[in-house]
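K.L.:
The following file, structure_19.pdb, comprises PDB, C-alpha atoms:
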ATOM      1  CA  MET A   1     125.901 115.326 221.921
ATOM      2  CA  ASP A   2     125.828 111.562 221.592
ATOM      3  CA  SER A   3     125.519 108.884 218.926
ATOM      4  CA  THR A   4     123.673 105.598 218.631
ATOM      5  CA  GLN A   5     123.216 102.773 216.154
ATOM      6  CA  ILE A   6     120.084 102.496 213.987
ATOM      7  CA  MET A   7     119.360  99.017 212.699
ATOM      8  CA  SER A   8     118.234  98.766 209.102
ATOM      9  CA  ASN A   9     114.793  97.190 208.628
ATOM     10  CA  ILE A  10     116.134  94.236 206.671
ATOM     11  CA  LYS A  11     116.357  90.517 207.194
ATOM     12  CA  LEU A  12     119.932  89.585 207.945
ATOM     13  CA  GLY A  13     121.350  86.619 206.081
ATOM     14  CA  GLY A  14     124.678  85.050 205.316
ATOM     15  CA  ARG A  15     127.015  85.785 202.461
ATOM     16  CA  LEU A  16     125.511  83.083 200.248
ATOM     17  CA  SER A  17     121.976  84.363 200.789
ATOM     18  CA  LEU A  18     123.079  87.900 199.940
ATOM     19  CA  ALA A  19     124.783  86.704 196.756
ATOM     20  CA  TYR A  20     121.602  84.896 195.708
ATOM     21  CA  ASP A  21     119.412  87.967 196.331
ATOM     22  CA  VAL A  22     121.771  90.208 194.353
ATOM     23  CA  LEU A  23     121.768  87.887 191.348
ATOM     24  CA  VAL A  24     117.995  87.365 191.388
ATOM     25  CA  CYS A  25     117.320  91.120 191.490
ATOM     26  CA  GLY A  26     119.676  91.581 188.561
ATOM     27  CA  ALA A  27     118.071  88.775 186.565
ATOM     28  CA  LYS A  28     114.602  90.230 187.147
ATOM     29  CA  ALA A  29     115.802  93.554 185.741
ATOM     30  CA  LEU A  30     116.719  91.982 182.383
ATOM     31  CA  PRO A  31     114.264  91.550 179.510
ATOM     32  CA  GLU A  32     113.054  87.964 179.101
ATOM     33  CA  THR A  33     114.663  87.818 175.672
ATOM     34  CA  LEU A  34     118.096  88.505 177.139
ATOM     35  CA  LEU A  35     117.981  85.865 179.855
ATOM     36  CA  ASN A  36     119.773  82.587 179.189
ATOM     37  CA  ASP A  37     118.962  79.263 180.813
ATOM     38  CA  SER A  38     121.720  79.496 183.438
ATOM     39  CA  LEU A  39     120.236  82.748 184.769
ATOM     40  CA  ARG A  40     116.576  81.882 184.238
ATOM     41  CA  ILE A  41     116.841  78.979 186.681
ATOM     42  CA  PHE A  42     117.462  81.435 189.528
ATOM     43  CA  LEU A  43     113.967  82.847 189.011
ATOM     44  CA  LYS A  44     112.275  79.532 189.789
ATOM     45  CA  ALA A  45     110.398  79.632 193.093
ATOM     46  CA  ASP A  46     111.943  76.483 194.576
ATOM     47  CA  TYR A  47     115.520  77.020 193.398
ATOM     48  CA  LYS A  48     116.494  79.157 196.401
ATOM     49  CA  THR A  49     115.760  76.267 198.758
ATOM     50  CA  THR A  50     117.846  73.908 196.646
ATOM     51  CA  LEU A  51     120.783  76.278 196.369
ATOM     52  CA  LEU A  52     120.883  77.773 199.864
ATOM     53  CA  TYR A  53     119.633  75.103 202.212
ATOM     54  CA  GLN A  54     120.260  71.705 200.659
ATOM     55  CA  LEU A  55     124.009  71.782 201.103
ATOM     56  CA  LYS A  56     126.849  70.948 203.446
ATOM     57  CA  ALA A  57     128.895  73.611 205.201
ATOM     58  CA  THR A  58     131.841  72.684 202.998
ATOM     59  CA  ASP A  59     129.769  73.555 199.903
ATOM     60  CA  ILE A  60     129.103  77.192 200.825
ATOM     61  CA  GLN A  61     132.276  78.674 199.342
ATOM     62  CA  SER A  62     131.874  76.823 196.044
ATOM     63  CA  ARG A  63     128.265  77.971 195.720
ATOM     64  CA  ILE A  64     129.262  81.562 196.423
ATOM     65  CA  GLN A  65     131.807  81.217 193.634
ATOM     66  CA  THR A  66     129.112  79.809 191.329
ATOM     67  CA  ILE A  67     126.845  82.798 191.934
ATOM     68  CA  LEU A  68     129.745  85.211 191.416
ATOM     69  CA  ASN A  69     130.379  83.545 188.062
ATOM     70  CA  HIS A  70     126.742  84.120 187.121
ATOM     71  CA  CYS A  71     126.998  87.763 188.247
ATOM     72  CA  ALA A  72     129.929  88.233 185.881
ATOM     73  CA  GLU A  73     127.946  86.468 183.159
ATOM     74  CA  LEU A  74     125.007  88.845 183.620
ATOM     75  CA  LEU A  75     127.271  91.879 183.355
ATOM     76  CA  GLN A  76     128.628  90.551 180.078
ATOM     77  CA  LEU A  77     125.078  90.193 178.743
ATOM     78  CA  VAL A  78     124.326  93.885 179.320
ATOM     79  CA  GLU A  79     127.672  95.095 177.978
ATOM     80  CA  GLY A  80     127.019  97.672 175.291
ATOM     81  CA  GLN A  81     123.485  98.341 176.554
ATOM     82  CA  PRO A  82     123.762 101.476 178.714
ATOM     83  CA  GLU A  83     120.029 101.585 179.484
ATOM     84  CA  LEU A  84     120.393  98.221 181.241
ATOM     85  CA  LYS A  85     123.830  98.803 182.758
ATOM     86  CA  GLU A  86     122.538 101.906 184.536
ATOM     87  CA  THR A  87     119.601 100.197 186.232
ATOM     88  CA  PRO A  88     119.960 100.012 190.048
ATOM     89  CA  ALA A  89     119.813  96.203 190.070
ATOM     90  CA  VAL A  90     122.652  95.829 187.556
ATOM     91  CA  GLN A  91     124.683  98.542 189.294
ATOM     92  CA  THR A  92     124.269  96.583 192.526
ATOM     93  CA  ILE A  93     125.616  93.435 190.853
ATOM     94  CA  ASP A  94     128.629  95.371 189.605
ATOM     95  CA  ARG A  95     129.275  96.737 193.092
ATOM     96  CA  PHE A  96     128.746  93.349 194.739
ATOM     97  CA  LEU A  97     131.147  91.601 192.387
ATOM     98  CA  LYS A  98     133.918  94.134 193.013
ATOM     99  CA  GLU A  99     133.425  93.991 196.788
ATOM    100  CA  GLN A 100     133.162  90.225 197.080
ATOM    101  CA  ALA A 101     135.710  89.062 194.514
ATOM    102  CA  SER A 102     139.035  89.879 192.885
ATOM    103  CA  PHE A 103     139.634  89.487 189.180
ATOM    104  CA  ASN A 104     142.307  86.924 188.322
ATOM    105  CA  GLU A 105     143.722  87.834 184.928
ATOM    106  CA  GLN A 106     145.460  84.491 184.435
ATOM    107  CA  GLN A 107     142.218  82.592 184.975
ATOM    108  CA  ASN A 108     140.155  85.393 183.411
ATOM    109  CA  GLN A 109     137.706  84.981 186.268
ATOM    110  CA  TRP A 110     136.375  86.720 189.352
ATOM    111  CA  ILE A 111     137.559  84.768 192.419
ATOM    112  CA  ALA A 112     135.691  85.021 195.721
ATOM    113  CA  LYS A 113     137.528  86.847 198.499
ATOM    114  CA  GLY A 114     137.961  85.403 201.956
ATOM    115  CA  ASP A 115     135.470  86.576 204.571
ATOM    116  CA  ARG A 116     138.082  88.725 206.330
ATOM    117  CA  GLU A 117     138.969  90.497 203.084
ATOM    118  CA  ILE A 118     135.513  92.025 202.695
ATOM    119  CA  SER A 119     135.078  95.600 203.906
ATOM    120  CA  SER A 120     132.500  96.563 206.523
ATOM    121  CA  ASN A 121     131.323  99.161 203.990
ATOM    122  CA  SER A 122     130.336  96.415 201.567
ATOM    123  CA  LEU A 123     126.761  95.704 200.499
ATOM    124  CA  GLN A 124     124.648  94.176 203.281
ATOM    125  CA  SER A 125     121.269  93.900 201.552
ATOM    126  CA  VAL A 126     119.747  94.482 198.124
ATOM    127  CA  HIS A 127     116.820  96.122 199.911
ATOM    128  CA  ASP A 128     118.963  98.768 201.644
ATOM    129  CA  THR A 129     122.120  99.338 199.656
ATOM    130  CA  ASP A 130     123.388 102.140 201.918
ATOM    131  CA  ALA A 131     123.401 100.084 205.127
ATOM    132  CA  THR A 132     126.837  99.141 206.463
ATOM    133  CA  TYR A 133     128.178  96.637 208.991
ATOM    134  CA  ARG A 134     129.772  97.412 212.342
ATOM    135  CA  ASN A 135     130.741  95.365 215.369
ATOM    136  CA  LYS A 136     130.444  97.732 218.329
ATOM    137  CA  GLY A 137     130.767  96.630 221.921
ATOM    138  CA  GLY A 138     130.682  92.995 220.829
ATOM    139  CA  LYS A 139     127.318  93.473 219.094
ATOM    140  CA  LYS A 140     126.784  93.249 215.349
ATOM    141  CA  HIS A 141     124.940  96.141 213.719
ATOM    142  CA  VAL A 142     123.770  96.553 210.140
ATOM    143  CA  GLY A 143     122.432 100.005 209.427
ATOM    144  CA  TYR A 144     123.404 103.559 210.266
ATOM    145  CA  ALA A 145     124.830 105.842 212.933
ATOM    146  CA  LEU A 146     122.643 108.600 214.355
ATOM    147  CA  ASN A 147     124.328 111.604 215.958
ATOM    148  CA  LEU A 148     122.146 113.859 218.129
ATOM    149  CA  THR A 149     122.763 117.293 219.613
ATOM    150  CA  GLU A 150     120.424 118.512 222.336
ATOM    151  CA  THR A 151     120.241 121.272 224.909
ATOM    152  CA  CYS A 152     121.355 120.473 228.462
ATOM    153  CA  ALA A 153     120.980 123.665 230.509
ATOM    154  CA  ASN A 154     119.570 123.044 233.981
ATOM    155  CA  ASP A 155     117.288 126.068 233.812
ATOM    156  CA  ASN A 156     115.553 124.908 230.618
ATOM    157  CA  PRO A 157     111.966 123.767 231.315
ATOM    158  CA  VAL A 158     112.532 121.044 228.692
ATOM    159  CA  GLN A 159     115.551 119.856 226.709
ATOM    160  CA  VAL A 160     115.162 119.678 222.934
ATOM    161  CA  VAL A 161     117.066 118.087 220.063
ATOM    162  CA  THR A 162     118.664 120.875 218.042
ATOM    163  CA  HIS A 163     120.527 118.933 215.358
ATOM    164  CA  PHE A 164     120.953 115.409 214.023
ATOM    165  CA  ASP A 165     123.040 113.609 211.428
ATOM    166  CA  VAL A 166     122.646 110.156 209.906
ATOM    167  CA  ALA A 167     125.633 108.420 208.331
ATOM    168  CA  PRO A 168     126.896 104.898 207.579
ATOM    169  CA  ASN A 169     127.508 103.167 210.895
ATOM    170  CA  THR A 170     131.189 102.843 210.017
ATOM    171  CA  THR A 171     131.478 106.624 210.459
ATOM    172  CA  SER A 172     133.347 107.551 213.640
ATOM    173  CA  ASP A 173     132.045 110.004 216.229
ATOM    174  CA  VAL A 174     134.961 112.308 215.388
ATOM    175  CA  GLU A 175     133.978 112.407 211.706
ATOM    176  CA  MET A 176     130.332 113.110 212.497
ATOM    177  CA  LEU A 177     131.225 115.899 214.907
ATOM    178  CA  ASN A 178     133.549 117.568 212.415
ATOM    179  CA  GLN A 179     130.800 117.479 209.794
ATOM    180  CA  SER A 180     128.315 119.094 212.197
ATOM    181  CA  LEU A 181     130.386 121.847 213.807
ATOM    182  CA  ALA A 182     129.581 124.597 211.303
ATOM    183  CA  THR A 183     125.835 123.947 211.566
ATOM    184  CA  ILE A 184     125.921 123.730 215.357
ATOM    185  CA  ALA A 185     127.909 126.967 215.577
ATOM    186  CA  GLY A 186     125.288 128.624 213.376
ATOM    187  CA  GLN A 187     122.734 127.833 216.085
ATOM    188  CA  GLY A 188     124.680 129.959 218.550
ATOM    189  CA  VAL A 189     126.247 127.103 220.518
ATOM    190  CA  LYS A 190     129.297 128.171 222.540
ATOM    191  CA  ASP A 191     129.830 125.110 224.756
ATOM    192  CA  LEU A 192     129.505 121.524 223.533
ATOM    193  CA  TYR A 193     129.601 118.499 225.841
ATOM    194  CA  THR A 194     130.444 115.057 224.448
ATOM    195  CA  ASP A 195     131.905 111.787 225.656
ATOM    196  CA  GLY A 196     135.585 111.025 225.169
ATOM    197  CA  GLY A 197     134.928 109.118 221.944
ATOM    198  CA  TYR A 198     134.569 112.444 220.125
ATOM    199  CA  TYR A 199     137.998 113.714 221.109
ATOM    200  CA  SER A 200     140.765 114.453 218.649
ATOM    201  CA  PRO A 201     143.148 117.428 218.427
ATOM    202  CA  ASN A 202     141.563 118.340 215.085
ATOM    203  CA  VAL A 203     138.096 118.440 216.664
ATOM    204  CA  VAL A 204     139.275 120.844 219.367
ATOM    205  CA  GLU A 205     140.987 123.066 216.811
ATOM    206  CA  GLU A 206     138.062 123.054 214.379
ATOM    207  CA  ALA A 207     135.601 123.806 217.192
ATOM    208  CA  GLU A 208     137.673 126.807 218.246
ATOM    209  CA  THR A 209     137.534 128.225 214.721
ATOM    210  CA  HIS A 210     133.741 128.196 215.091
ATOM    211  CA  GLY A 211     133.838 129.758 218.558
ATOM    212  CA  ILE A 212     132.864 126.530 220.339
ATOM    213  CA  MET A 213     134.499 125.293 223.544
ATOM    214  CA  MET A 214     134.603 121.483 223.719
ATOM    215  CA  HIS A 215     134.000 119.640 227.009
ATOM    216  CA  PHE A 216     134.829 115.914 227.066
ATOM    217  CA  THR A 217     133.665 113.456 229.720
ATOM    218  CA  ASP A 218     135.385 110.263 230.879
ATOM    219  CA  MET A 219     132.904 108.117 228.955
ATOM    220  CA  THR A 220     134.010 106.603 225.658
ATOM    221  CA  GLY A 221     131.215 104.144 224.939
ATOM    222  CA  ARG A 222     133.400 101.196 225.902
ATOM    223  CA  LYS A 223     134.661  99.565 229.072
ATOM    224  CA  THR A 224     137.547 101.370 230.704
ATOM    225  CA  SER A 225     140.865  99.659 230.041
ATOM    226  CA  SER A 226     142.718  98.751 233.198
ATOM    227  CA  GLY A 227     145.779 100.866 233.810
ATOM    228  CA  LYS A 228     144.600 103.654 231.511
ATOM    229  CA  LEU A 229     143.355 107.130 232.376
ATOM    230  CA  PRO A 230     140.649 109.027 230.477
ATOM    231  CA  TYR A 231     141.440 112.125 228.426
ATOM    232  CA  SER A 232     139.590 114.351 230.880
ATOM    233  CA  SER A 233     142.040 113.416 233.654
ATOM    234  CA  PHE A 234     144.768 115.452 231.975
ATOM    235  CA  THR A 235     145.269 119.168 231.523
ATOM    236  CA  ILE A 236     146.436 119.866 227.975
ATOM    237  CA  GLU A 237     147.821 123.082 226.553
ATOM    238  CA  ASP A 238     148.285 124.002 222.904
ATOM    239  CA  LYS A 239     146.063 121.017 222.029
ATOM    240  CA  LYS A 240     149.018 118.634 222.348
ATOM    241  CA  THR A 241     151.137 119.252 225.461
ATOM    242  CA  ILE A 242     150.187 117.399 228.644
ATOM    243  CA  VAL A 243     151.112 119.690 231.513
ATOM    244  CA  LEU A 244     149.522 117.893 234.461
ATOM    245  CA  CYS A 245     150.013 114.316 235.636
ATOM    246  CA  PRO A 246     146.576 113.658 237.142
ATOM    247  CA  GLU A 247     147.352 111.502 240.164
ATOM    248  CA  LEU A 248     150.266 113.542 241.495
ATOM    249  CA  PHE A 249     148.622 116.888 240.898
ATOM    250  CA  ALA A 250     145.352 115.718 242.412
ATOM    251  CA  LEU A 251     147.298 114.972 245.587
ATOM    252  CA  GLU A 252     149.080 118.323 245.444
ATOM    253  CA  ARG A 253     145.766 120.161 245.204
ATOM    254  CA  GLN A 254     144.679 118.483 248.436
ATOM    255  CA  TRP A 255     147.805 119.691 250.221
ATOM    256  CA  LYS A 256     148.279 123.174 248.796
ATOM    257  CA  HIS A 257     147.214 124.928 252.019
ATOM    258  CA  LEU A 258     149.296 122.736 254.334
ATOM    259  CA  PRO A 259     152.515 123.961 255.994
ATOM    260  CA  HIS A 260     155.496 122.936 253.885
ATOM    261  CA  GLU A 261     156.789 120.404 256.439
ATOM    262  CA  GLU A 262     153.429 118.667 256.540
ATOM    263  CA  ARG A 263     153.228 118.783 252.746
ATOM    264  CA  LYS A 264     156.642 117.105 252.548
ATOM    265  CA  GLN A 265     155.464 114.323 254.846
ATOM    266  CA  LYS A 266     152.339 113.779 252.731
ATOM    267  CA  ARG A 267     154.494 113.549 249.620
ATOM    268  CA  LEU A 268     156.735 110.931 251.200
ATOM    269  CA  GLU A 269     153.727 108.879 252.244
ATOM    270  CA  GLN A 270     151.514 109.158 249.169
ATOM    271  CA  SER A 271     153.440 110.554 246.191
ATOM    272  CA  ILE A 272     156.316 108.077 246.337
ATOM    273  CA  PRO A 273     154.096 105.020 245.602
ATOM    274  CA  VAL A 274     152.665 106.834 242.572
ATOM    275  CA  LEU A 275     156.155 107.710 241.338
ATOM    276  CA  ASN A 276     157.431 104.180 241.911
ATOM    277  CA  ALA A 277     154.547 102.739 239.901
ATOM    278  CA  PHE A 278     155.208 105.190 237.085
ATOM    279  CA  PHE A 279     158.938 104.510 236.887
ATOM    280  CA  ALA A 280     158.328 100.747 237.061
ATOM    281  CA  TRP A 281     156.046 101.114 234.059
ATOM    282  CA  ALA A 282     158.607 103.266 232.229
ATOM    283  CA  GLU A 283     161.352 100.706 232.801
ATOM    284  CA  ASN A 284     159.292  97.842 231.393
ATOM    285  CA  VAL A 285     157.187  99.424 228.662
ATOM    286  CA  SER A 286     157.808  98.280 225.085
ATOM    287  CA  THR A 287     156.959 100.554 222.170
ATOM    288  CA  ASN A 288     157.905 101.081 218.526
ATOM    289  CA  GLN A 289     157.026 104.778 218.637
ATOM    290  CA  GLU A 290     160.275 106.732 218.491
ATOM    291  CA  PRO A 291     158.939 109.914 220.186
ATOM    292  CA  LEU A 292     157.676 107.838 223.117
ATOM    293  CA  LYS A 293     160.958 105.937 223.324
ATOM    294  CA  LYS A 294     162.872 109.214 223.539
ATOM    295  CA  ALA A 295     160.498 110.609 226.159
ATOM    296  CA  ILE A 296     160.814 107.491 228.330
ATOM    297  CA  LYS A 297     164.603 107.460 228.010
ATOM    298  CA  TYR A 298     164.767 111.135 228.959
ATOM    299  CA  THR A 299     162.497 110.560 231.952
ATOM    300  CA  LEU A 300     164.526 107.642 233.277
ATOM    301  CA  ASN A 301     167.823 109.483 232.770
ATOM    302  CA  HIS A 302     166.519 112.463 234.764
ATOM    303  CA  ARG A 303     164.679 110.563 237.461
ATOM    304  CA  GLU A 304     166.635 112.326 240.213
ATOM    305  CA  TYR A 305     165.519 115.755 239.042
ATOM    306  CA  PHE A 306     161.891 114.731 238.604
ATOM    307  CA  THR A 307     161.765 113.631 242.243
ATOM    308  CA  ASN A 308     163.472 116.679 243.775
ATOM    309  CA  PHE A 309     160.121 118.023 244.958
ATOM    310  CA  LEU A 310     160.122 115.240 247.574
ATOM    311  CA  LEU A 311     163.071 116.849 249.378
ATOM    312  CA  ASP A 312     161.249 119.959 250.528
ATOM    313  CA  GLY A 313     157.577 120.857 250.770
ATOM    314  CA  ARG A 314     158.361 124.305 249.381
ATOM    315  CA  ILE A 315     159.612 122.945 246.054
ATOM    316  CA  PRO A 316     156.850 123.116 243.415
ATOM    317  CA  ILE A 317     155.998 119.879 241.669
ATOM    318  CA  SER A 318     156.525 121.460 238.238
ATOM    319  CA  ASN A 319     158.659 124.231 236.795
ATOM    320  CA  ASN A 320     156.430 124.598 233.725
ATOM    321  CA  ARG A 321     155.957 128.358 233.566
ATOM    322  CA  ARG A 322     153.076 128.100 231.127
ATOM    323  CA  MET A 323     151.112 126.113 233.662
ATOM    324  CA  PRO A 324     148.906 127.952 236.167
ATOM    325  CA  SER A 325     150.371 127.585 239.630
ATOM    326  CA  GLU A 326     149.050 124.548 241.434
ATOM    327  CA  LEU A 327     150.441 125.604 244.806
ATOM    328  CA  SER A 328     150.115 128.702 246.896
ATOM    329  CA  LEU A 329     153.431 128.661 248.713
TER     330      LEU A 329
END
Would you put the structure from the file into structure tokens?
P.N.:
Amino acid sequence: MDSTQIMSNIKLGGRLSLAYDVLVCGAKALPETLLNDSLRIFLKADYKTTLLYQLKATDIQSRIQTILNHCAELLQLVEGQPELKETPAVQTIDRFLKEQASFNEQQNQWIAKGDREISSNSLQSVHDTDATYRNKGGKKHVGYALNLTETCANDNPVQVVTHFDVAPNTTSDVEMLNQSLATIAGQGVKDLYTDGGYYSPNVVEEAETHGIMMHFTDMTGRKTSSGKLPYSSFTIEDKKTIVLCPELFALERQWKHLPHEERKQKRLEQSIPVLNAFFAWAENVSTNQEPLKKAIKYTLNHREYFTNFLLDGRIPISNNRRMPSELSL
């Protein structure tokens, strides 16, 4: 399973251009007899050039406000006329006004929001009102997210797409997977492979209720953060308890057949640097999460006990009885 972005087949413009298009579509939806002069001017062929392009950068915000005022004016004209209020063009104006402005009761006016106040789910085009905005991997996308499920067995002569979902591109991989699990399970799927971006405890739990075993890779669709380990590096029980520290246990697996004296020597040479790096991090980390604070404090207070396995190669690295034995001593 994987997802990708689908660009909407629309011409991308700025906020002012979008406001103009919204108002013009609304004005065209009104009967000629209802239009007043202040709205009729927007239907002139050359007015768009005057309004959008013959201006200074400092004029953009004031012109957006002007168009918002006209949007509010148009909505007042159709008040009490349900057959007009329910038209798609007028509904789009109503949506646009609420997304792009806030009503100031003292001024009795819709006031334009700042650019950062506008949701990524807001209207992007009058020609595709369902398209949404997303900045993913430093690239701007306006459109949709496509989630695909396909076969991946090596013995298949060909691999085929078995399921797909299309959603606003602001929809996360986790949300799309949760929405698809019942359908995928109905196709007889027992094992599902995804990248790490699909992981959440709820996904694992929901998949199990449908008889599906989740397999997550290291990939998350973004560059790996330095100093961080992927989800797949850890062994997790009960969907929430980390029972294996990847670096230390990876080393232990390499040494599990060694004589205990040789294993001790390997630990002194290779495990100590890993432990030192971990405790240095624990001593300097800053967090506001109380559970993590308590865990770090507990770890530092019991450092001596956590490092006892260095004293003798016969001492197991963990006393977690729920964990399958990592050593054959």
K.L.:
Do you know which residues are at most 6 Å from region 202-219 of chain A counting all atoms listed in the file, after dropping those on the same chain fewer than 6 positions away, and could you put them as a CSV table (one decimal) with C-alpha atoms, keeping the file's coordinate frame?
P.N.:
chain,number,residue,atom,x,y,z
A,185,ALA,CA,127.9,127.0,215.6
A,190,LYS,CA,129.3,128.2,222.5
A,191,ASP,CA,129.8,125.1,224.8
A,192,LEU,CA,129.5,121.5,223.5
A,193,TYR,CA,129.6,118.5,225.8
A,194,THR,CA,130.4,115.1,224.4
A,195,ASP,CA,131.9,111.8,225.7
A,196,GLY,CA,135.6,111.0,225.2
A,230,PRO,CA,140.6,109.0,230.5
A,232,SER,CA,139.6,114.4,230.9
K.L.:
I'd like the neighbourhood of region 86-101 of chain A as a list in words, where a residue qualifies if any of its atoms comes within 7 Å (using only C-alpha atoms), though same-chain residues fewer than 3 positions away should be ignored.
P.N.:
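Residues near the query, excluding close chain neighbours: Val22, Leu23, Cys25, Gly26, Ala29, Leu68, Cys71, Pro82, Glu83, Trp110, Ile111, Ala112, Lys113, Ile118, Ser122 and Leu123 of chain A.
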K.L.:
Given the PyMOL selection byres ((chain A and resi 169) around 9) and the file above, list the residues it selects as a list of chain:residue names.
P.N.:
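That expression, the PyMOL selection byres ((chain A and resi 169) around 9), corresponds here to A:Thr4, A:Gln5, A:Ile6, A:Asn121, A:Ala131, A:Thr132, A:Tyr133, A:Arg134, A:His141, A:Val142, A:Gly143, A:Tyr144, A:Ala145, A:Leu146, A:Val166, A:Ala167, A:Pro168, A:Thr170, A:Thr171, A:Ser172.
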K.L.:
Hey, can you check how far CA of Glu262 (chain A) sits from CA of Gly313 (chain A)?
P.N.:
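Spanning CA of Glu262 (chain A) to CA of Gly313 (chain A) is a straight-line distance of 7.4 Å.
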K.L.:
Smallest atom-to-atom distance to Leu75 (chain A): which of A:Met176, A:Ile41, A:Ala27, A:Ala250, using all atoms listed in the file?
P.N.:
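Of all the options, A:Ala27 lies closest to Leu75 (chain A).
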K.L.:
Report the distance between CA of Asp2 (chain A) and CA of Tyr198 (chain A) in Å, rounded to one decimal place.
P.N.:
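Interatomic distance here is 8.9 Å.
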K.L.:
Taking only C-alpha atoms into account, name the residue in A:Lys264, A:His163, A:Lys28, A:Arg253 that is nearest to Asn308 (chain A).
P.N.:
A:Lys264
K.L.:
Between CA of Gln65 (chain A) and CA of Asn135 (chain A), what is the distance, to one decimal in Å?
P.N.:
26.0 Å
K.L.:
Hey, which of A:Asp165, A:Gln61, A:Leu34, A:Val285 ends up closest to Ser3 (chain A)? Count all atoms listed in the file.
P.N.:
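For Ser3 (chain A), the nearest of the candidates is A:Asp165.
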K.L.:
Which is closer to Phe306 (chain A) than all the others in A:Leu39, A:Leu51, A:Val126, A:Ile272, using all atoms listed in the file?
P.N.:
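Residue with the minimum atom-to-atom distance to Phe306 (chain A): A:Ile272.
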K.L.:
Kindly provide, as AutoDock Vina command-line options, the centre and edge lengths (Å, one decimal) of an axis-aligned box around all atoms of region 194-205 of chain A given in the file, with 4 Å on each side.
P.N.:
--center_x 136.8 --center_y 116.1 --center_z 220.4 --size_x 20.7 --size_y 21.9 --size_z 18.6
